[in-house]
Structure formats: structure tokens, C-alpha cells
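One structure is given here, and the rest of the page talks about it.
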Amino acid sequence: MSKIGIVGIRGMVGGTLIERMIKEKDFEESHQYSFFSSSAKNQPGPKINHKQYTFLDAYDLDLMHEMNIILTTQGSDYTKDVYASLRKKGWTGYWIDAASYLRMEKDVIIGLDPINDHVIKEGLARGIKTFVGGNCTVSLLLMGIGNLIKNDWIEWISTMTYQAISGAGAKQIGDLLKQVRAFDIDEQKHPLKLEKEFRQLIKQKTFPLGEIGHPLAFNLLPWIDAKMEDGRTKEEWKGQVELNKIMGLKKILPVDGICVRVPTFRSHAQAVTIKLKKNITIKTIEKEIAGSNSWVKLIPNDVEESKRYLTPLAVSGTLDIAVGRIKQMSMGKDYISLFTVGDQLLWGAAEPLRRMLKIILNIL
Ligand code: HSE
């Protein structure tokens, strides 16, 4: 029996994780679970299998120290506050984390087991005890095209993302809705007059920017996260460093692009350009992608199929990784483009953590 501490389930990723764990009957295993919170200690926690849990204090290092495994979705600030102190106290348990804070540390593995099971196994064998989930867009991309990288077919990747507002936090879903509702449409007016009125509306002080900070309704924002020195955003920087680390690549595979926030609620999409190392037929590429894992849904490059199944709304709330629009580009036979979309809360965040927990429980 292992003692498992779960931190931060009141957040969006934590909530999604618990939902998945209950659905998959993960809690029926014979382990002891505790739920920790940074702001709701002693308050009622989740009720699972008829058992009512009470939240424990997520800053009580003595309590945390008793755990064999800690899984946190609390965020980087919490990890920064607690992780090093706990290790310094001699805690040798397994730490599973959704936050980015530890991702690029040397003795930390980014877990995405359908893709890098070999890296995880090798890490466990040499005593690695810290496993972190990858950035959502990186994990989603790899779930779709990881096999092409494993086959060493790719010279470089350029990915242009279309990231949903919930990636910036659950509250921003409501903020986006308020922006949409602020525009009271008079359908009798000429469409171009409506468009002009909207541009005037967003200039008014009363327009509800909310936490988004800018108009996103009927708009998009080509910037996600902090600015790096080389002009990339941190979200764009993560694309290359995390993808290479997840795959355990010896020679750097260049990955770059522009990350864009779009007014969708949930699920991140990306338009991907791939420079292949050699000419490979589209049929072979499709076969490889379709066979990658059981969650990939290959969408034929067809108008109706693409509009129906290759969209954020089609995959939201599911574990599907839709990949479509696969085609050779006019730049040459070694260039292909494709479009992929997946739920950033599921395969982009909660699911790799849930599976990491199961992998570790299996070896304890
Ligand atoms: N960095 C991501 C985003 C969070 O801003 O969309 C994961 O969804």
C-alpha cells in the first residue's frame, strides 16, 4: 500500500485529473489517498467511493513527508515553495507535477508515456524520482506526430498554434463570454456597420477586458507567456526544449513557430510545417500517424471531414488527438503540412500525470 498525496484538485487541471481518475476507477486500488490544499485546509475535500475527505495543509511538510508519492497540479509557485524544502528534509518519494517549474532540471523527466515510455523506464531504472507533465501544446503535438520523430524522418518543425482561452485559466472563459455579450447585436443593421460599432465598443473604458487584458472576442492575440531574449515567447521556446527532452534526442531537432491565443473555450490546435529528411509519401506518413497510438484520429484531407472532426469543438472533453490536412507542400517533396487539435486539459495536462501515477504505483 502506497500513500499518495494529491495537491491542488480545486484548480482546472486538478479537477480534470480527479474526474478522469474516478471515471477510470483509479481510486479502487488498495492505496491510501490524501488531498492537500494550499488555501482550504480542514475544509471538506472530495467525496470518492463514499468516503468524504478533508483537505490537509499543502504547506505542512511533516505531513507531506509521510507520502510515498505526491502529485501536484497546484502550479509553479507552490512547487517553488515546497519541493526543494521537502527534498532537503530528506524526503525520497516520487514527485509528479503539472507545473513547468522543474521541467528542464537535469534529474527530472517529462512524462508522456505513449510517446516516451523508453525515457520514463530508463529514468525509473536509474532512480529518478521527479516526473513532470509537458507543456500542453508540446504534448498534444507529440501525441500526433511523435512516431515521425522516432523514425528520424524530420529535419525541422514549424508549428503555429491556436490556443484556447482556458489555457490561460478557467476564469478567462467567463471573461471571454463577457466580452462577447458586451456587443448587443442589432441584426437590422448593415453587417459592416455592426463591425464598425464593435471596433468602437472595444475602445470604450467600459469594455470588459477582464483578466485577458485585451479584446479577444472576434479577435486573436499573437502572444502567449513572457518574452524571451531572442524574441520568442516562453511558450514558443518550450516547443523546442521540451520536445527534445521528452523524446530524449541527442541531436537537437529545431522546433519553432508563433503561439496564438484564439477565442475558443477549450482545446489547442496547431498548423504544422514539417521539413522531412527525405521524400516520404503522404500515404506512408498517414499510416505512421494513424498507427501511433489508440487516441490518434486520422482525418482525411476532405472538406466535410475536416470541418466536422478537425476542430476544437469536436475534440473537447475527449482524449482524441485529431490529425488531418496532411499534404505535400508546394515548396518541395520533402515538405509536408498538417493540422492537429487535442484537449489541452486531458492529453495536454491531466492524462499524462494520471498515467505517470499508475506507472509508478506498478513498480512500488
Ligand atoms: N501554456 C498553455 C496556454 C497552458 O497558455 O495555453 C496549457 O493549456
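Chain identifiers are assigned as A, B, and so on, following the order in which chains appear in the C-alpha cells; residues are numbered from 1 within each chain, and ligands are numbered from 1 in order of appearance.
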Show me, as a tab-separated table, the residues of chain A having an atom within 8 Å of ligand 1, each with the closest atom pair and its distance in Å, using only C-alpha atoms and all ligand atoms.
```
residue	atom	partner	partner_atom_place_in_ligand_line	distance
A:Asn135	CA	ligand 1	7 (C)	6.3
A:Cys136	CA	ligand 1	7 (C)	4.7
A:Thr137	CA	ligand 1	7 (C)	7.0
A:Gln163	CA	ligand 1	6 (O)	5.4
A:Ala164	CA	ligand 1	6 (O)	6.3
A:Ile165	CA	ligand 1	6 (O)	6.8
A:Ser166	CA	ligand 1	8 (O)	6.8
A:Gly167	CA	ligand 1	6 (O)	3.3
A:Ala168	CA	ligand 1	5 (O)	4.6
A:Gly169	CA	ligand 1	4 (C)	7.9
A:Ile224	CA	ligand 1	5 (O)	6.0
A:Asp225	CA	ligand 1	5 (O)	6.8
A:Glu235	CA	ligand 1	1 (N)	6.2
A:Arg261	CA	ligand 1	6 (O)	7.4
A:Ser267	CA	ligand 1	8 (O)	8.0
A:His268	CA	ligand 1	6 (O)	7.3
A:Gln344	CA	ligand 1	8 (O)	5.1
A:Leu345	CA	ligand 1	8 (O)	6.5
A:Gly348	CA	ligand 1	8 (O)	6.7
A:Ala349	CA	ligand 1	7 (C)	7.2
```
Would you save the residues of that selection, restricted to N, CA, C and O atoms, as a compact mmCIF listing (two decimals), in the first residue's frame?
```txt
# COMPACT_ATOMS: atom_id res chain seq x y z
N ASN A 135 4.49 20.76 -21.43
CA ASN A 135 3.64 21.87 -21.89
C ASN A 135 2.53 21.27 -22.77
O ASN A 135 2.78 20.36 -23.57
N CYS A 136 1.33 21.84 -22.64
CA CYS A 136 0.17 21.25 -23.32
C CYS A 136 0.32 21.14 -24.83
O CYS A 136 0.06 20.08 -25.41
N THR A 137 0.80 22.20 -25.49
CA THR A 137 0.88 22.14 -26.96
C THR A 137 1.95 21.15 -27.40
O THR A 137 1.80 20.47 -28.41
N GLN A 163 -4.40 28.56 -29.54
CA GLN A 163 -4.62 28.06 -28.18
C GLN A 163 -5.85 28.68 -27.52
O GLN A 163 -6.05 29.90 -27.55
N ALA A 164 -6.66 27.81 -26.93
CA ALA A 164 -7.93 28.23 -26.34
C ALA A 164 -7.71 29.08 -25.09
O ALA A 164 -6.69 28.97 -24.41
N ILE A 165 -8.71 29.87 -24.77
CA ILE A 165 -8.59 30.80 -23.65
C ILE A 165 -8.45 30.08 -22.30
O ILE A 165 -7.78 30.58 -21.39
N SER A 166 -9.03 28.88 -22.16
CA SER A 166 -8.90 28.19 -20.87
C SER A 166 -7.46 27.82 -20.57
O SER A 166 -7.11 27.57 -19.41
N GLY A 167 -6.60 27.81 -21.58
CA GLY A 167 -5.17 27.58 -21.34
C GLY A 167 -4.57 28.66 -20.46
O GLY A 167 -3.55 28.47 -19.80
N ALA A 168 -5.23 29.82 -20.43
CA ALA A 168 -4.75 30.93 -19.60
C ALA A 168 -5.43 30.93 -18.23
O ALA A 168 -5.14 31.79 -17.41
N GLY A 169 -6.33 29.99 -17.98
CA GLY A 169 -7.02 29.92 -16.69
C GLY A 169 -8.52 29.85 -16.88
O GLY A 169 -9.07 30.48 -17.80
N ILE A 224 1.78 34.50 -26.25
CA ILE A 224 1.44 33.70 -25.06
C ILE A 224 2.68 33.59 -24.17
O ILE A 224 3.73 33.15 -24.61
N ASP A 225 2.53 34.02 -22.94
CA ASP A 225 3.59 33.95 -21.91
C ASP A 225 4.65 35.05 -22.10
O ASP A 225 4.50 35.94 -22.92
N GLU A 235 6.29 30.35 -24.37
CA GLU A 235 5.51 29.23 -24.91
C GLU A 235 6.17 28.68 -26.18
O GLU A 235 6.20 27.47 -26.40
N ARG A 261 -3.21 33.05 -29.09
CA ARG A 261 -4.43 32.83 -28.29
C ARG A 261 -5.63 33.15 -29.18
O ARG A 261 -5.68 34.22 -29.79
N SER A 267 -9.32 23.33 -25.85
CA SER A 267 -8.56 22.56 -26.85
C SER A 267 -7.63 23.46 -27.68
O SER A 267 -8.03 24.53 -28.12
N HIS A 268 -6.42 22.97 -27.81
CA HIS A 268 -5.40 23.71 -28.54
C HIS A 268 -5.17 23.05 -29.90
O HIS A 268 -5.00 21.83 -29.99
N GLN A 344 -6.42 20.33 -24.33
CA GLN A 344 -5.20 20.68 -23.57
C GLN A 344 -5.32 20.33 -22.09
O GLN A 344 -4.31 20.26 -21.39
N LEU A 345 -6.56 20.09 -21.61
CA LEU A 345 -6.71 19.71 -20.21
C LEU A 345 -6.55 18.20 -20.03
O LEU A 345 -6.19 17.74 -18.95
N GLY A 348 -3.17 17.19 -22.83
CA GLY A 348 -2.24 18.30 -22.65
C GLY A 348 -1.84 18.54 -21.20
O GLY A 348 -0.93 19.32 -20.92
N ALA A 349 -2.53 17.88 -20.25
CA ALA A 349 -2.20 18.15 -18.83
C ALA A 349 -2.50 16.96 -17.91
O ALA A 349 -1.58 16.33 -17.39
```
_Residues near range 294-300 of chain A, cut-off 9 Å, only C-alpha atoms, skip fewer than 2 positions along chain, as a ChimeraX atom specification_ = /A:143-144,286-287,289-292,302-303,305-306,309-310,319-326
Can you spit out the residues from that selection as a JSON list (two decimals), in the first residue's frame, using N, CA, C and O atoms?
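Wrote it out as out-v2.json, contents follow:
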```json
[["chain", "number", "residue", "atom", "x", "y", "z"],
["A", 143, "MET", "N", 1.74, 13.63, -29.30],
["A", 143, "MET", "CA", 0.76, 12.53, -29.39],
["A", 143, "MET", "C", 0.37, 12.29, -30.85],
["A", 143, "MET", "O", 0.06, 11.18, -31.25],
["A", 144, "GLY", "N", 0.41, 13.36, -31.65],
["A", 144, "GLY", "CA", 0.04, 13.23, -33.07],
["A", 144, "GLY", "C", 1.21, 12.78, -33.95],
["A", 144, "GLY", "O", 1.05, 11.89, -34.79],
["A", 286, "GLU", "N", 0.71, 9.11, -43.34],
["A", 286, "GLU", "CA", -0.63, 8.90, -42.74],
["A", 286, "GLU", "C", -0.69, 7.59, -41.97],
["A", 286, "GLU", "O", -1.23, 7.54, -40.86],
["A", 287, "LYS", "N", -0.10, 6.57, -42.56],
["A", 287, "LYS", "CA", -0.12, 5.25, -41.93],
["A", 287, "LYS", "C", 0.63, 5.30, -40.59],
["A", 287, "LYS", "O", 0.18, 4.75, -39.58],
["A", 289, "ILE", "N", 1.21, 7.97, -38.70],
["A", 289, "ILE", "CA", 0.48, 8.78, -37.71],
["A", 289, "ILE", "C", -0.71, 7.98, -37.17],
["A", 289, "ILE", "O", -0.92, 7.89, -35.95],
["A", 290, "ALA", "N", -1.47, 7.37, -38.06],
["A", 290, "ALA", "CA", -2.66, 6.62, -37.63],
["A", 290, "ALA", "C", -2.31, 5.50, -36.68],
["A", 290, "ALA", "O", -3.06, 5.17, -35.77],
["A", 291, "GLY", "N", -1.12, 4.91, -36.86],
["A", 291, "GLY", "CA", -0.73, 3.78, -36.02],
["A", 291, "GLY", "C", 0.02, 4.18, -34.77],
["A", 291, "GLY", "O", 0.45, 3.33, -33.99],
["A", 292, "SER", "N", 0.17, 5.49, -34.54],
["A", 292, "SER", "CA", 0.99, 5.96, -33.40],
["A", 292, "SER", "C", 0.48, 5.46, -32.06],
["A", 292, "SER", "O", 1.23, 5.00, -31.22],
["A", 302, "ASP", "N", -10.29, 16.21, -46.44],
["A", 302, "ASP", "CA", -11.56, 16.34, -47.14],
["A", 302, "ASP", "C", -12.33, 17.48, -46.46],
["A", 302, "ASP", "O", -12.25, 17.65, -45.24],
["A", 303, "VAL", "N", -13.06, 18.25, -47.24],
["A", 303, "VAL", "CA", -13.70, 19.46, -46.70],
["A", 303, "VAL", "C", -14.64, 19.15, -45.54],
["A", 303, "VAL", "O", -14.55, 19.75, -44.46],
["A", 305, "GLU", "N", -15.06, 16.36, -43.69],
["A", 305, "GLU", "CA", -14.43, 15.67, -42.55],
["A", 305, "GLU", "C", -13.60, 16.66, -41.72],
["A", 305, "GLU", "O", -13.62, 16.64, -40.50],
["A", 306, "SER", "N", -12.88, 17.53, -42.42],
["A", 306, "SER", "CA", -12.01, 18.50, -41.71],
["A", 306, "SER", "C", -12.85, 19.47, -40.88],
["A", 306, "SER", "O", -12.52, 19.77, -39.74],
["A", 309, "TYR", "N", -14.60, 17.20, -37.96],
["A", 309, "TYR", "CA", -13.86, 16.44, -36.94],
["A", 309, "TYR", "C", -12.52, 17.04, -36.53],
["A", 309, "TYR", "O", -11.91, 16.60, -35.57],
["A", 310, "LEU", "N", -12.02, 18.01, -37.29],
["A", 310, "LEU", "CA", -10.67, 18.52, -37.02],
["A", 310, "LEU", "C", -10.76, 19.90, -36.36],
["A", 310, "LEU", "O", -10.12, 20.86, -36.78],
["A", 319, "LEU", "N", -10.40, 12.29, -25.32],
["A", 319, "LEU", "CA", -8.96, 12.04, -25.38],
["A", 319, "LEU", "C", -8.47, 11.96, -26.83],
["A", 319, "LEU", "O", -7.32, 11.62, -27.09],
["A", 320, "ASP", "N", -9.34, 12.31, -27.76],
["A", 320, "ASP", "CA", -8.95, 12.23, -29.18],
["A", 320, "ASP", "C", -7.87, 13.24, -29.54],
["A", 320, "ASP", "O", -7.91, 14.40, -29.11],
["A", 321, "ILE", "N", -6.94, 12.78, -30.34],
["A", 321, "ILE", "CA", -5.95, 13.67, -30.94],
["A", 321, "ILE", "C", -6.23, 13.63, -32.44],
["A", 321, "ILE", "O", -5.91, 12.65, -33.11],
["A", 322, "ALA", "N", -6.90, 14.66, -32.93],
["A", 322, "ALA", "CA", -7.26, 14.67, -34.35],
["A", 322, "ALA", "C", -6.08, 15.22, -35.16],
["A", 322, "ALA", "O", -5.50, 16.24, -34.81],
["A", 323, "VAL", "N", -5.74, 14.51, -36.22],
["A", 323, "VAL", "CA", -4.66, 14.96, -37.11],
["A", 323, "VAL", "C", -5.19, 14.88, -38.54],
["A", 323, "VAL", "O", -5.69, 13.83, -38.96],
["A", 324, "GLY", "N", -5.11, 15.98, -39.25],
["A", 324, "GLY", "CA", -5.62, 15.98, -40.62],
["A", 324, "GLY", "C", -4.93, 17.02, -41.48],
["A", 324, "GLY", "O", -3.89, 17.55, -41.10],
["A", 325, "ARG", "N", -5.55, 17.34, -42.59],
["A", 325, "ARG", "CA", -4.99, 18.27, -43.60],
["A", 325, "ARG", "C", -3.55, 17.89, -43.96],
["A", 325, "ARG", "O", -2.72, 18.76, -44.24],
["A", 326, "ILE", "N", -3.26, 16.60, -43.94],
["A", 326, "ILE", "CA", -1.89, 16.15, -44.23],
["A", 326, "ILE", "C", -1.69, 16.22, -45.74],
["A", 326, "ILE", "O", -2.44, 15.62, -46.51]]
```
Range 69-209 of chain A: residues DSSP assigns to strand (DSSP E), reported as a compact mmCIF listing (two decimals) with N, CA, C and O atoms, in the first residue's frame:
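Output below, filename states-v1.txt:
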```
# COMPACT_ATOMS: atom_id res chain seq x y z
N ILE A 69 4.16 9.14 -2.65
CA ILE A 69 4.05 9.84 -3.93
C ILE A 69 3.26 11.14 -3.70
O ILE A 69 2.24 11.12 -3.01
N ILE A 70 3.74 12.22 -4.26
CA ILE A 70 2.97 13.46 -4.24
C ILE A 70 2.69 13.85 -5.69
O ILE A 70 3.61 13.88 -6.52
N LEU A 71 1.42 14.10 -5.98
CA LEU A 71 1.06 14.54 -7.33
C LEU A 71 0.46 15.95 -7.18
O LEU A 71 -0.53 16.12 -6.47
N THR A 72 1.08 16.93 -7.80
CA THR A 72 0.56 18.29 -7.65
C THR A 72 0.15 18.93 -8.98
O THR A 72 0.86 18.81 -9.98
N TYR A 94 8.25 9.93 -4.69
CA TYR A 94 8.09 10.32 -6.09
C TYR A 94 7.25 11.60 -6.16
O TYR A 94 6.19 11.69 -5.53
N TRP A 95 7.71 12.54 -6.93
CA TRP A 95 7.01 13.82 -7.11
C TRP A 95 6.51 13.88 -8.55
O TRP A 95 7.29 13.78 -9.49
N ILE A 96 5.21 14.00 -8.72
CA ILE A 96 4.63 14.12 -10.07
C ILE A 96 3.98 15.51 -10.16
O ILE A 96 3.17 15.87 -9.31
N ASP A 97 4.32 16.28 -11.17
CA ASP A 97 3.97 17.70 -11.17
C ASP A 97 3.41 18.13 -12.53
O ASP A 97 3.91 17.72 -13.58
N ILE A 109 12.23 14.07 -15.34
CA ILE A 109 11.78 13.54 -16.64
C ILE A 109 10.40 14.11 -16.98
O ILE A 109 9.53 14.21 -16.12
N ILE A 110 10.24 14.51 -18.23
CA ILE A 110 8.92 14.96 -18.68
C ILE A 110 8.21 13.72 -19.21
O ILE A 110 8.65 13.08 -20.16
N GLY A 111 7.11 13.36 -18.54
CA GLY A 111 6.43 12.10 -18.85
C GLY A 111 5.29 12.25 -19.84
O GLY A 111 4.39 13.10 -19.64
N THR A 130 11.46 12.34 -9.89
CA THR A 130 10.65 13.52 -10.19
C THR A 130 10.20 13.48 -11.65
O THR A 130 11.04 13.43 -12.56
N PHE A 131 8.89 13.51 -11.84
CA PHE A 131 8.31 13.40 -13.18
C PHE A 131 7.31 14.54 -13.38
O PHE A 131 6.46 14.78 -12.52
N VAL A 132 7.45 15.22 -14.50
CA VAL A 132 6.63 16.40 -14.74
C VAL A 132 5.88 16.23 -16.06
O VAL A 132 6.41 15.64 -17.00
N GLY A 133 4.66 16.74 -16.11
CA GLY A 133 3.90 16.73 -17.36
C GLY A 133 4.45 17.83 -18.27
O GLY A 133 4.90 18.87 -17.80
N ILE A 154 12.43 13.58 -39.54
CA ILE A 154 12.19 15.03 -39.55
C ILE A 154 13.47 15.85 -39.37
O ILE A 154 14.29 15.57 -38.50
N GLU A 155 13.61 16.88 -40.23
CA GLU A 155 14.76 17.80 -40.12
C GLU A 155 14.41 18.98 -39.21
O GLU A 155 15.19 19.39 -38.38
N TRP A 156 13.24 19.56 -39.40
CA TRP A 156 12.76 20.61 -38.50
C TRP A 156 11.23 20.69 -38.53
O TRP A 156 10.59 20.17 -39.44
N ILE A 157 10.70 21.37 -37.49
CA ILE A 157 9.25 21.53 -37.37
C ILE A 157 8.94 23.01 -37.13
O ILE A 157 9.58 23.64 -36.29
N SER A 158 7.96 23.52 -37.85
CA SER A 158 7.45 24.86 -37.52
C SER A 158 5.98 24.69 -37.16
O SER A 158 5.20 24.12 -37.94
N THR A 159 5.61 25.15 -35.98
CA THR A 159 4.21 24.98 -35.56
C THR A 159 3.59 26.32 -35.16
O THR A 159 4.16 27.07 -34.39
N MET A 160 2.46 26.60 -35.74
CA MET A 160 1.71 27.82 -35.46
C MET A 160 0.48 27.41 -34.65
O MET A 160 -0.36 26.65 -35.17
N THR A 161 0.39 27.88 -33.42
CA THR A 161 -0.67 27.35 -32.56
C THR A 161 -1.92 28.23 -32.52
O THR A 161 -1.86 29.44 -32.79
N TYR A 162 -3.02 27.61 -32.16
CA TYR A 162 -4.31 28.29 -31.96
C TYR A 162 -4.79 27.82 -30.59
O TYR A 162 -5.46 26.79 -30.48
N GLN A 163 -4.40 28.56 -29.54
CA GLN A 163 -4.62 28.06 -28.18
C GLN A 163 -5.85 28.68 -27.52
O GLN A 163 -6.05 29.90 -27.55
```
*Measuring atom to atom with only C-alpha atoms, identify which of A:Val255, A:Leu313, A:Ile48, A:Ile285 is nearest to Leu141 in chain A.*
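Among the listed residues, A:Val255 lies closest to Leu141 in chain A.
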*Any idea what's packed within 10 Å of range 4-21 of chain A, counting only C-alpha atoms, ignoring anything in its chain fewer than 6 positions away? Could you give it as a ChimeraX atom specification?*
/A:27-28,31-40,45-46,48,55-58,63-75,78,93-98,166-167,169-171,317,344-346,348-355,357,361
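CA of Asn279 in chain A to CA of Leu148 in chain A spans 12.8 Å [interatomic distance, one decimal].
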